[in-house]
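Asks: Structure provided below as structure tokens; questions to follow.
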Amino acid sequence: MLDRRNLLAGLGTTFALAACGRGGGADTGLLRVGSQKGGTKALMLASGALDGAPYKIEWSEFPAAQNLLEAIGSGAVDVGLAGDAPFQFAYQAGSPIKAIGAQTTQQRMPGAIAVVVPGASPIRDAAGLRGKRVATTRGSVGHYLLLRALLSAKLGLDDVKVTFLSPSDARAALQTGAVDAWSTWQPYVASAQAEGDRIAIDGRTLTQGYGFDVAWEGAIKDKQPLLADFLKREAKGLEWASAHPDDFAKVLAQETGLPQPIALEFVKTNARIAVPIDQTLIGRQQVVLDTFRQFGEVKGDRPLADAFVLKA
């Protein structure tokens with residue numbers, strides 16, 4: 001397994017690689033980065049963290065982590081940020097990906113991940129999901145939250161009707177009454193609240209809140225210096241965003257089309273910092289994998305530790 005020391009070792013050669021353009025069949029002067037709505041692209045543009053980068057960035061945007069991880073796994077994208085649950089879901093499905101960086105929220109704020117319901121809904125807690133129709137995106141942090149919520153109320157999948165939908169389709173289903181609840185994440189939570197929905201189940205005590213910079217194995221092999229440099233710049237971008245929430249929200253609104261108040265709510269509930277990948281963090285991720293397995297949602301048996309590039 002490639003360790004983080006090897007990933008960082010090539011950083012000093014970044015300029016040389018960028019000047020050469022291509023090496024080993026890969027364009028080593030280009031880093032293809034995937035971004036979810038309101039994610040990495042907005043952060044890096046707002047913070048100016050990529051200013052002076054000695055390589056080009058090719059952005060691709062996705063509505064959810066599942067779509068992003070599919071693109072990374074196919075080699076169409078080199079790296080992108082995804083939540084812990086979708087990463088584990090994709091990795092256990094056999095995707096050729098690894099986590100090379102980690103982030104966590106500085107303070108678990110309400111609404112970062114939540115089950116939202118119409119304002120007049122009788123659902124007030126996890127027990128209230130019994131017999132209800134719940135929408136979420138398969139393999140997402142919303143999917144994981146739903147499973148943890150069911151466990152907390154001693155319910156099983158047979159006690160609810162789960163419908164797997166994209167975020168946009170899930171929102172429409174909740175609006176039309178086709179489903180009773182929607183397990184989702186920001187900025188979709190804030191958007192739903194702005195339209196009169198409310199949080200019935202908050203994910204702070206049910207989920208861990210980790211996100212991972214996930215890279216295609218081919219990119220880890222061919223673009224180590226670029227990936228290492230990008231992670232350092234991303235960490236600086238996160239520091240800037242925490243110190244300048246209003247400025248970040250303005251750029252976020254421009255990039256995503258979100259109304260300014262919703263963009264600001266997203267920023268406040270998702271203030272994150274970069275953290276090292278170590279054995280403690282990996283151990284905590286066992287809970288995520290075990291939860292998916294307990295409900296039969298994951299069939300793979302790949303070793304958990306092999307999903308991560310350890311920091312030296």
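Labels for the structure tokens follow display order: chains A, B, ..., residues from 1 in each chain, ligands from 1.
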Set the distance at 6 Å and use only C-alpha atoms: which residues neighbour Val179 (chain A) once local chain neighbours fewer than 5 positions away are removed? I'd like the list as a list in words.
Replies: Arg133, Val134, Ala173 and Leu174 of chain A
Asks: Please produce a file of those selected residues containing C-alpha atoms, as a JSON list (two decimals), in the first residue's frame.
Replies:
[["chain", "number", "residue", "atom", "x", "y", "z"],
["A", 133, "ARG", "CA", -41.90, 6.91, 3.25],
["A", 134, "VAL", "CA", -38.35, 8.27, 3.36],
["A", 173, "ALA", "CA", -41.02, 14.09, -3.90],
["A", 174, "LEU", "CA", -41.16, 15.79, -0.50]]
Asks: Determine, counting only C-alpha atoms, which protein, DNA and RNA residues have an atom within 10 Å of an atom of Ala192 (chain A); residues of the same chain fewer than 6 positions away are not included. Present the result as a list of chain:residue names.
Replies: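 Listing them by chain and then by number gives A:Val116, A:Val117, A:Pro118, A:Arg171, A:Leu174, A:Gln175, A:Trp182, A:Thr184, A:Gln186, A:Arg198, A:Ile199, A:Ile262.
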Asks: Could you pull out the helix (DSSP H, G or I) residues of region 124-225 of chain A from DSSP and send them as a PyMOL selection string?
Replies: chain A and resi 126-129+141-152+157-159+167-176+188-194+217-222+224-225
Asks: Which residues of region 266-285 of chain A come within 12 Å of region 216-234 of chain A, and what is each one's closest atom pair and distance in Å (one decimal), counting only C-alpha atoms, sorted by chain and residue number, as a Markdown table?
Replies:
| residue | atom | partner | partner_atom | distance |
| --- | --- | --- | --- | --- |
| A:Arg272 | CA | A:Glu234 | CA | 10.8 |
| A:Ile273 | CA | A:Glu234 | CA | 9.5 |
| A:Ala274 | CA | A:Glu234 | CA | 8.3 |
| A:Val275 | CA | A:Leu231 | CA | 10.9 |
| A:Pro276 | CA | A:Leu231 | CA | 11.2 |
Asks: Fewer than 3 positions away in the same chain doesn't count, so skip those; otherwise give me all residues within 7 Å of region 200-210 of chain A, counting only C-alpha atoms, as a PyMOL selection string.
Replies: chain A and resi 83-84+102-105+108+110-111+113-117+123-126+145+148-149
Asks: Under the rule that only C-alpha atoms are counted, which of A:Asn270, A:Thr280, A:Pro259, A:Gln294 is the nearest residue to Met109 (chain A)?
Replies: A:Asn270
Asks: Need to verify the contact set: region 73-81 of chain A, 8 Å, only C-alpha atoms, exclusion of same-chain residues closer than 5 positions in sequence. Can you return it as a ChimeraX atom specification?
Replies: /A:31-36,39-40,60,65,68,95-97,211-216,218-219,227
Asks: Do a neighbour search on Gln254 (chain A) at 12 Å with only C-alpha atoms, toss out local chain neighbours closer than 3 positions, and write the hits as a list in words.
Replies: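 Near Gln254 (chain A), the qualifying residues are Lys37, Gly38, Lys41, Ala42, Leu43, Leu45, Ala46, Asp247, Phe248, Ala249, Lys250, Val251, Gly257, Leu258, Pro259, Gln260, Ile262, Ala263 and Leu264 of chain A.
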Asks: Output all heavy atoms for every residue in the selection just made, as a tab-separated table (two decimals), in the first residue's frame.
Replies:
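part03.tsv was written with the following content:
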chain	number	residue	atom	x	y	z
A	37	LYS	N	-22.01	20.22	-5.28
A	37	LYS	CA	-22.62	21.54	-5.18
A	37	LYS	C	-22.24	22.20	-3.87
A	37	LYS	O	-22.44	21.64	-2.80
A	37	LYS	CB	-24.14	21.43	-5.28
A	37	LYS	CG	-24.86	22.78	-5.23
A	37	LYS	CD	-26.35	22.60	-5.41
A	37	LYS	CE	-27.06	23.95	-5.41
A	37	LYS	NZ	-28.52	23.81	-5.60
A	38	GLY	N	-21.66	23.41	-3.97
A	38	GLY	CA	-21.25	24.12	-2.77
A	38	GLY	C	-20.01	23.56	-2.14
A	38	GLY	O	-19.75	23.80	-0.96
A	41	LYS	N	-14.87	23.42	-5.34
A	41	LYS	CA	-14.63	24.48	-6.32
A	41	LYS	C	-14.88	25.85	-5.72
A	41	LYS	O	-14.05	26.77	-5.85
A	41	LYS	CB	-15.49	24.27	-7.56
A	41	LYS	CG	-15.24	25.31	-8.64
A	41	LYS	CD	-16.13	25.08	-9.85
A	41	LYS	CE	-15.90	26.14	-10.93
A	41	LYS	NZ	-16.79	25.97	-12.09
A	42	ALA	N	-16.03	26.03	-5.08
A	42	ALA	CA	-16.36	27.32	-4.49
A	42	ALA	C	-15.33	27.70	-3.42
A	42	ALA	O	-14.91	28.86	-3.33
A	42	ALA	CB	-17.76	27.29	-3.89
A	43	LEU	N	-14.92	26.74	-2.62
A	43	LEU	CA	-13.93	26.99	-1.57
A	43	LEU	C	-12.62	27.49	-2.15
A	43	LEU	O	-12.05	28.50	-1.70
A	43	LEU	CB	-13.68	25.72	-0.77
A	43	LEU	CG	-12.50	25.76	0.21
A	43	LEU	CD1	-12.84	26.64	1.40
A	43	LEU	CD2	-12.09	24.36	0.65
A	45	LEU	N	-11.94	28.73	-5.17
A	45	LEU	CA	-12.05	29.99	-5.89
A	45	LEU	C	-12.18	31.16	-4.92
A	45	LEU	O	-11.54	32.21	-5.10
A	45	LEU	CB	-13.25	29.95	-6.84
A	45	LEU	CG	-13.17	28.99	-8.02
A	45	LEU	CD1	-14.46	29.04	-8.84
A	45	LEU	CD2	-11.97	29.33	-8.92
A	46	ALA	N	-13.00	31.00	-3.90
A	46	ALA	CA	-13.23	32.09	-2.95
A	46	ALA	C	-11.98	32.43	-2.17
A	46	ALA	O	-11.67	33.60	-1.93
A	46	ALA	CB	-14.36	31.72	-2.00
A	247	ASP	N	-17.55	36.41	3.23
A	247	ASP	CA	-16.91	36.47	1.90
A	247	ASP	C	-17.07	35.15	1.16
A	247	ASP	O	-17.32	35.12	-0.05
A	247	ASP	CB	-15.43	36.81	2.05
A	247	ASP	CG	-15.19	38.22	2.56
A	247	ASP	OD1	-16.09	39.07	2.37
A	247	ASP	OD2	-14.14	38.47	3.18
A	248	PHE	N	-16.92	34.04	1.89
A	248	PHE	CA	-17.07	32.74	1.27
A	248	PHE	C	-18.51	32.55	0.79
A	248	PHE	O	-18.76	32.04	-0.31
A	248	PHE	CB	-16.69	31.64	2.27
A	248	PHE	CG	-16.77	30.24	1.72
A	248	PHE	CD1	-16.64	29.98	0.36
A	248	PHE	CD2	-16.97	29.16	2.57
A	248	PHE	CE1	-16.71	28.68	-0.14
A	248	PHE	CE2	-17.03	27.87	2.08
A	248	PHE	CZ	-16.91	27.64	0.72
A	249	ALA	N	-19.47	32.97	1.60
A	249	ALA	CA	-20.88	32.80	1.24
A	249	ALA	C	-21.23	33.56	-0.03
A	249	ALA	O	-22.03	33.10	-0.85
A	249	ALA	CB	-21.77	33.25	2.39
A	250	LYS	N	-20.63	34.73	-0.23
A	250	LYS	CA	-20.90	35.51	-1.44
A	250	LYS	C	-20.45	34.75	-2.69
A	250	LYS	O	-21.18	34.67	-3.68
A	250	LYS	CB	-20.18	36.86	-1.36
A	250	LYS	CG	-20.76	37.82	-0.34
A	250	LYS	CD	-19.96	39.12	-0.28
A	250	LYS	CE	-20.51	40.05	0.79
A	250	LYS	NZ	-19.71	41.30	0.90
A	251	VAL	N	-19.26	34.21	-2.64
A	251	VAL	CA	-18.76	33.46	-3.79
A	251	VAL	C	-19.56	32.17	-3.97
A	251	VAL	O	-19.88	31.77	-5.09
A	251	VAL	CB	-17.26	33.13	-3.63
A	251	VAL	CG1	-16.76	32.25	-4.77
A	251	VAL	CG2	-16.45	34.43	-3.55
A	257	GLY	N	-25.73	29.48	-7.34
A	257	GLY	CA	-27.05	30.02	-7.56
A	257	GLY	C	-27.92	29.99	-6.31
A	257	GLY	O	-29.11	30.31	-6.36
A	258	LEU	N	-27.33	29.59	-5.17
A	258	LEU	CA	-28.07	29.58	-3.92
A	258	LEU	C	-28.35	31.01	-3.46
A	258	LEU	O	-27.50	31.88	-3.62
A	258	LEU	CB	-27.28	28.86	-2.83
A	258	LEU	CG	-27.08	27.35	-2.96
A	258	LEU	CD1	-26.08	26.87	-1.93
A	258	LEU	CD2	-28.41	26.62	-2.80
A	259	PRO	N	-29.49	31.28	-2.87
A	259	PRO	CA	-29.72	32.59	-2.26
A	259	PRO	C	-28.67	32.85	-1.19
A	259	PRO	O	-28.21	31.93	-0.51
A	259	PRO	CB	-31.13	32.46	-1.66
A	259	PRO	CG	-31.78	31.37	-2.45
A	259	PRO	CD	-30.68	30.41	-2.78
A	260	GLN	N	-28.32	34.10	-1.00
A	260	GLN	CA	-27.27	34.46	-0.06
A	260	GLN	C	-27.51	33.92	1.35
A	260	GLN	O	-26.59	33.37	1.97
A	260	GLN	CB	-27.11	35.99	-0.03
A	260	GLN	CG	-26.05	36.50	0.93
A	260	GLN	CD	-24.64	36.26	0.44
A	260	GLN	OE1	-24.43	35.94	-0.74
A	260	GLN	NE2	-23.66	36.39	1.33
A	262	ILE	N	-29.08	31.26	2.33
A	262	ILE	CA	-28.87	29.81	2.36
A	262	ILE	C	-27.38	29.49	2.22
A	262	ILE	O	-26.86	28.58	2.89
A	262	ILE	CB	-29.68	29.13	1.24
A	262	ILE	CG1	-31.17	29.28	1.52
A	262	ILE	CG2	-29.30	27.65	1.10
A	262	ILE	CD1	-32.08	28.71	0.45
A	263	ALA	N	-26.70	30.24	1.36
A	263	ALA	CA	-25.26	30.04	1.22
A	263	ALA	C	-24.54	30.30	2.54
A	263	ALA	O	-23.62	29.54	2.92
A	263	ALA	CB	-24.71	30.96	0.13
A	264	LEU	N	-24.95	31.33	3.26
A	264	LEU	CA	-24.32	31.64	4.54
A	264	LEU	C	-24.61	30.56	5.57
A	264	LEU	O	-23.73	30.18	6.36
A	264	LEU	CB	-24.79	33.01	5.04
A	264	LEU	CG	-24.12	33.52	6.32
A	264	LEU	CD1	-22.61	33.62	6.15
A	264	LEU	CD2	-24.70	34.89	6.70
Asks: Between A:Val141, A:Val309, A:Leu281, A:Leu30, single out the one closest to Ala64 (chain A), counting only C-alpha atoms.
Replies: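 For Ala64 (chain A), the nearest of the candidates is A:Val141.
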Asks: Just want the 10 Å neighbourhood of Val162 (chain A), counted on only C-alpha atoms, with same-chain residues fewer than 2 positions away dropped. Output as a list in words.
Replies: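 The filter keeps Lys132, Arg133, Val134, Ala135, Thr136, Thr137, Arg138, His143, Leu146, Leu157, Asp158, Asp159, Val160, Phe164, Leu165, Val179, Ala181 and Trp182 of chain A.
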Asks: Where in region 136-263 of chain A does DSSP assign strand (DSSP E or B), given as number ranges by chain?
Replies: A: 136, 161-164, 181-185, 198-202, 210-216
